[in-house]
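Novice: Attaching a single structure in structure tokens format; questions to follow.
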Amino acid sequence: MKRIGLLRDIPPGKKSVFFIFFITLLFLAKGISKETASKKIQESEEIANIYAALKSQSGDVRMRAIEIIKANPSRFQISRLKPLLEDKDNNVKLHAATVLAMNQDKSGQEYLRTLASRKVVIPDAPTVVERVKYFSAQNLKIKGIMAIGETRDTASIQTLLDLTKSDDPRVVDAAWMALARMGNKKGADVFVSGLKSSDPSARAKSAEVLGDLRVAEAGYQLRGRLKDWNQDVKLSAIKSLGKLKDRESLPSLRDFLATAKEQSIREAAAKSIGLIGDKTSVEFLKKFVDDENGVVRLSVCESLAILGDFSGKDFIIANIKKATEKEIRYRALRVLVYFDLTKSDIVLLEELKKDPDEMMVLEASNVLLQ
């Protein structure tokens, strides 16, 4: 009888060696499959927590869940956002429609177009309530216009051009920003010119927008605004220079972190130093790892981690465990995504997934997904 199977063509003296090798492979394969299955189960639990957050009673939790999905759309089923197109919170509804459209699902696009094009009218001699309603509706319109730009809805270009003639300067700014996102050079030029405005609010808005639009050629003008007498303008310029990864601004940003008195300025400077990505900043930042201001210290630790230095991890973990303010704990969890996790970190995060605070569960799940 002719022998068949894996041992058919192996010489008799070699069969035992081959058998041991084959059995070893089987055990290894079994171990790998168990590890893979376990990882899939773990990932599905974290993803399930994020999907559950989309149904939270808290608008803030729903918004944060959408942001997490927006940051990593390939890990999620984007269609899970569709029920939020009926959300009672207009901001949640708008954000969901935007993320859907950014991922080739146009089911909420018409809603965004309607928001952007609708006319908001304030009555003559309005009451306080009517005034509040007007500003609320106008703010939503502006967000709709911005969403049109973010989703690159080229079918709305004429609507946006019409809106640049609005009587409301905020609508005009939003329309030019949306057009700039779709490649309209004049849109960017409007904000470069806005840096020279005599109105500090216009300068601050222009500085903010140029960073959001990543207009690299505006770096020179933004560096000039670092000396602006108005703190809001200065703060917007600091943040935008970080987004533009403007290395020439590093000496000024380091000086702000070292000498400024305002927490917001120091925090923004620390963050922008990290975003610029120049590793020569590591030794400078390490001088502030023990800064007396906890908020500034969090930004320093985050920037160090972005630059590959993880010396601030103990402080991050301590804030996650012990900070009295929930917002600080959430912030620390968001910074933790830049660090490798140890077994004790994973144990801590698994415990936080059982926390009664929905936002804590959401943030812990997000860290474990990274």
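Ordering of the structure tokens sets the chain letters (A, B, ...), residue numbers begin anew at 1 in every chain, and ligands are numbered from 1 in the order given.
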Quick one: residues within 8 Å of Thr151 (chain A), only C-alpha atoms counted, chain neighbours fewer than 6 positions away excluded, as a count of residues only?
Specialist: 3
Novice: To test your reading of the structure, identify every residue in region 131-348 of chain A that backbone DSSP assigns to alpha helix (DSSP H), and report it as a PyMOL selection string.
Specialist: chain A and resi 131-150+157-163+169-181+185-194+200-212+219-225+231-243+250-259+263-276+282-286+294-306+313-322+326-336+343-348
Novice: Taking into account only C-alpha atoms, which residue in the set A:Ala204, A:Leu244, A:Met360, A:Leu112 is nearest to Gln231 (chain A)?
Specialist: A:Ala204
Novice: Of the residues A:Ala147, A:Ala332, A:Leu115, A:Ala260, which is the one nearest to Ser299 (chain A), using only C-alpha atoms?
Specialist: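 Looking at the shortest contact to Ser299 (chain A), the residue is A:Ala332.
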Novice: Within 12 Å of Asp291 (chain A), counting only C-alpha atoms, which residues qualify if same-chain residues fewer than 6 places away don't, as a count of residues only?
Specialist: 14
Novice: Might you pull out every residue within 7 Å of region 46-53 of chain A, with only C-alpha atoms counted and same-chain residues fewer than 6 positions away left off, and present them as a list in words?
Specialist: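 Listed by chain and then number, they are Val61, Arg62, Ala65, Leu362, Ser365 and Leu369 of chain A.
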Novice: Could you please take those selected residues and save N, CA, C and O atoms as a PDB file, in the first residue's frame?
Specialist:
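Listed below is the output, selection.pdb:
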```pdb
ATOM      1  N   VAL A  61     -20.930  64.094  25.792  1.00  0.00           N
ATOM      2  CA  VAL A  61     -20.417  62.735  25.579  1.00  0.00           C
ATOM      3  C   VAL A  61     -20.648  62.327  24.123  1.00  0.00           C
ATOM      4  O   VAL A  61     -19.761  61.751  23.480  1.00  0.00           O
ATOM      5  N   ARG A  62     -21.820  62.631  23.581  1.00  0.00           N
ATOM      6  CA  ARG A  62     -22.096  62.293  22.178  1.00  0.00           C
ATOM      7  C   ARG A  62     -21.112  63.019  21.257  1.00  0.00           C
ATOM      8  O   ARG A  62     -20.595  62.437  20.302  1.00  0.00           O
ATOM      9  N   ALA A  65     -17.669  61.404  21.419  1.00  0.00           N
ATOM     10  CA  ALA A  65     -17.653  60.131  20.694  1.00  0.00           C
ATOM     11  C   ALA A  65     -17.523  60.366  19.186  1.00  0.00           C
ATOM     12  O   ALA A  65     -16.784  59.652  18.493  1.00  0.00           O
ATOM     13  N   LEU A 362     -15.486  56.580  28.129  1.00  0.00           N
ATOM     14  CA  LEU A 362     -15.192  56.891  26.732  1.00  0.00           C
ATOM     15  C   LEU A 362     -13.708  57.165  26.518  1.00  0.00           C
ATOM     16  O   LEU A 362     -13.062  56.636  25.599  1.00  0.00           O
ATOM     17  N   SER A 365     -11.563  54.014  27.045  1.00  0.00           N
ATOM     18  CA  SER A 365     -11.732  53.107  25.877  1.00  0.00           C
ATOM     19  C   SER A 365     -10.921  53.604  24.694  1.00  0.00           C
ATOM     20  O   SER A 365     -10.301  52.829  23.975  1.00  0.00           O
ATOM     21  N   LEU A 369      -7.731  51.766  22.607  1.00  0.00           N
ATOM     22  CA  LEU A 369      -7.833  51.505  21.158  1.00  0.00           C
ATOM     23  C   LEU A 369      -6.581  51.929  20.394  1.00  0.00           C
ATOM     24  O   LEU A 369      -6.360  51.477  19.278  1.00  0.00           O
TER      25      LEU A 369
END
```
Novice: Which is closer to Thr280 (chain A) than all the others in A:Leu307, A:Ala137, A:Ile78, A:Val209, using only C-alpha atoms?
Specialist: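 Of A:Leu307, A:Ala137, A:Ile78, A:Val209, the one nearest Thr280 (chain A), counting only C-alpha atoms, is A:Leu307.
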Novice: Measuring between only C-alpha atoms, which one of A:Val233, A:Met359, A:Leu160, A:Val132 shows the shortest distance to Pro200 (chain A)?
Specialist: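 Checking each of A:Val233, A:Met359, A:Leu160, A:Val132 against Pro200 (chain A), counting only C-alpha atoms, the winner is A:Val233.
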Novice: Do you have the CA of Phe135 (chain A)-CA of Lys70 (chain A) distance handy?
Specialist: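 A separation of 27.7 Å between them.
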Novice: Need the shell around Val172 (chain A): protein/DNA/RNA residues with any atom at most 12 Å away, counting only C-alpha atoms. Skip same-chain ones fewer than 3 positions apart. Format as a VMD selection string?
Specialist: chain A and resid 116 141 to 142 145 to 146 159 to 169 175 to 179 187 190 to 191 202
Novice: Could you take the residues named above and write them with C-alpha atoms, as a PDB file, in the first residue's frame?
Specialist:
```
ATOM      1  CA  ALA A 116     -25.656  77.556   5.584  1.00  0.00           C
ATOM      2  CA  LYS A 141     -25.695  79.017  10.446  1.00  0.00           C
ATOM      3  CA  ILE A 142     -22.021  79.967  10.753  1.00  0.00           C
ATOM      4  CA  ILE A 145     -21.049  77.343   6.543  1.00  0.00           C
ATOM      5  CA  MET A 146     -17.812  76.101   8.112  1.00  0.00           C
ATOM      6  CA  THR A 159     -23.917  79.964  -2.046  1.00  0.00           C
ATOM      7  CA  LEU A 160     -20.656  80.708  -0.246  1.00  0.00           C
ATOM      8  CA  LEU A 161     -19.759  83.491  -2.672  1.00  0.00           C
ATOM      9  CA  ASP A 162     -23.177  85.047  -2.062  1.00  0.00           C
ATOM     10  CA  LEU A 163     -22.600  84.822   1.689  1.00  0.00           C
ATOM     11  CA  THR A 164     -19.396  86.870   1.406  1.00  0.00           C
ATOM     12  CA  LYS A 165     -21.711  89.836   0.803  1.00  0.00           C
ATOM     13  CA  SER A 166     -23.604  89.319   4.077  1.00  0.00           C
ATOM     14  CA  ASP A 167     -24.158  92.183   6.519  1.00  0.00           C
ATOM     15  CA  ASP A 168     -22.882  89.978   9.336  1.00  0.00           C
ATOM     16  CA  PRO A 169     -19.042  89.998   9.373  1.00  0.00           C
ATOM     17  CA  ALA A 175     -17.835  81.946   3.971  1.00  0.00           C
ATOM     18  CA  TRP A 176     -14.292  83.023   3.037  1.00  0.00           C
ATOM     19  CA  MET A 177     -12.839  80.348   5.282  1.00  0.00           C
ATOM     20  CA  ALA A 178     -15.019  77.676   3.649  1.00  0.00           C
ATOM     21  CA  LEU A 179     -14.003  78.910   0.195  1.00  0.00           C
ATOM     22  CA  GLY A 187     -10.213  83.297   0.929  1.00  0.00           C
ATOM     23  CA  VAL A 190      -8.670  87.905   3.219  1.00  0.00           C
ATOM     24  CA  PHE A 191      -7.353  86.568   6.535  1.00  0.00           C
ATOM     25  CA  ALA A 202     -10.591  90.707  13.542  1.00  0.00           C
TER      26      ALA A 202
END
```
Novice: Using only C-alpha atoms, find the one residue out of A:Pro356, A:Gly108, A:Gly219, A:Gly274 that sits nearest to Ser249 (chain A).
Specialist: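 Using only C-alpha atoms, Ser249 (chain A) sits closest to A:Gly219.
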Novice: To one decimal place in Å, what is the distance between CA of Leu250 (chain A) and CA of Leu210 (chain A)?
Specialist: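 For CA of Leu250 (chain A) relative to CA of Leu210 (chain A), the distance reads 18.0 Å.
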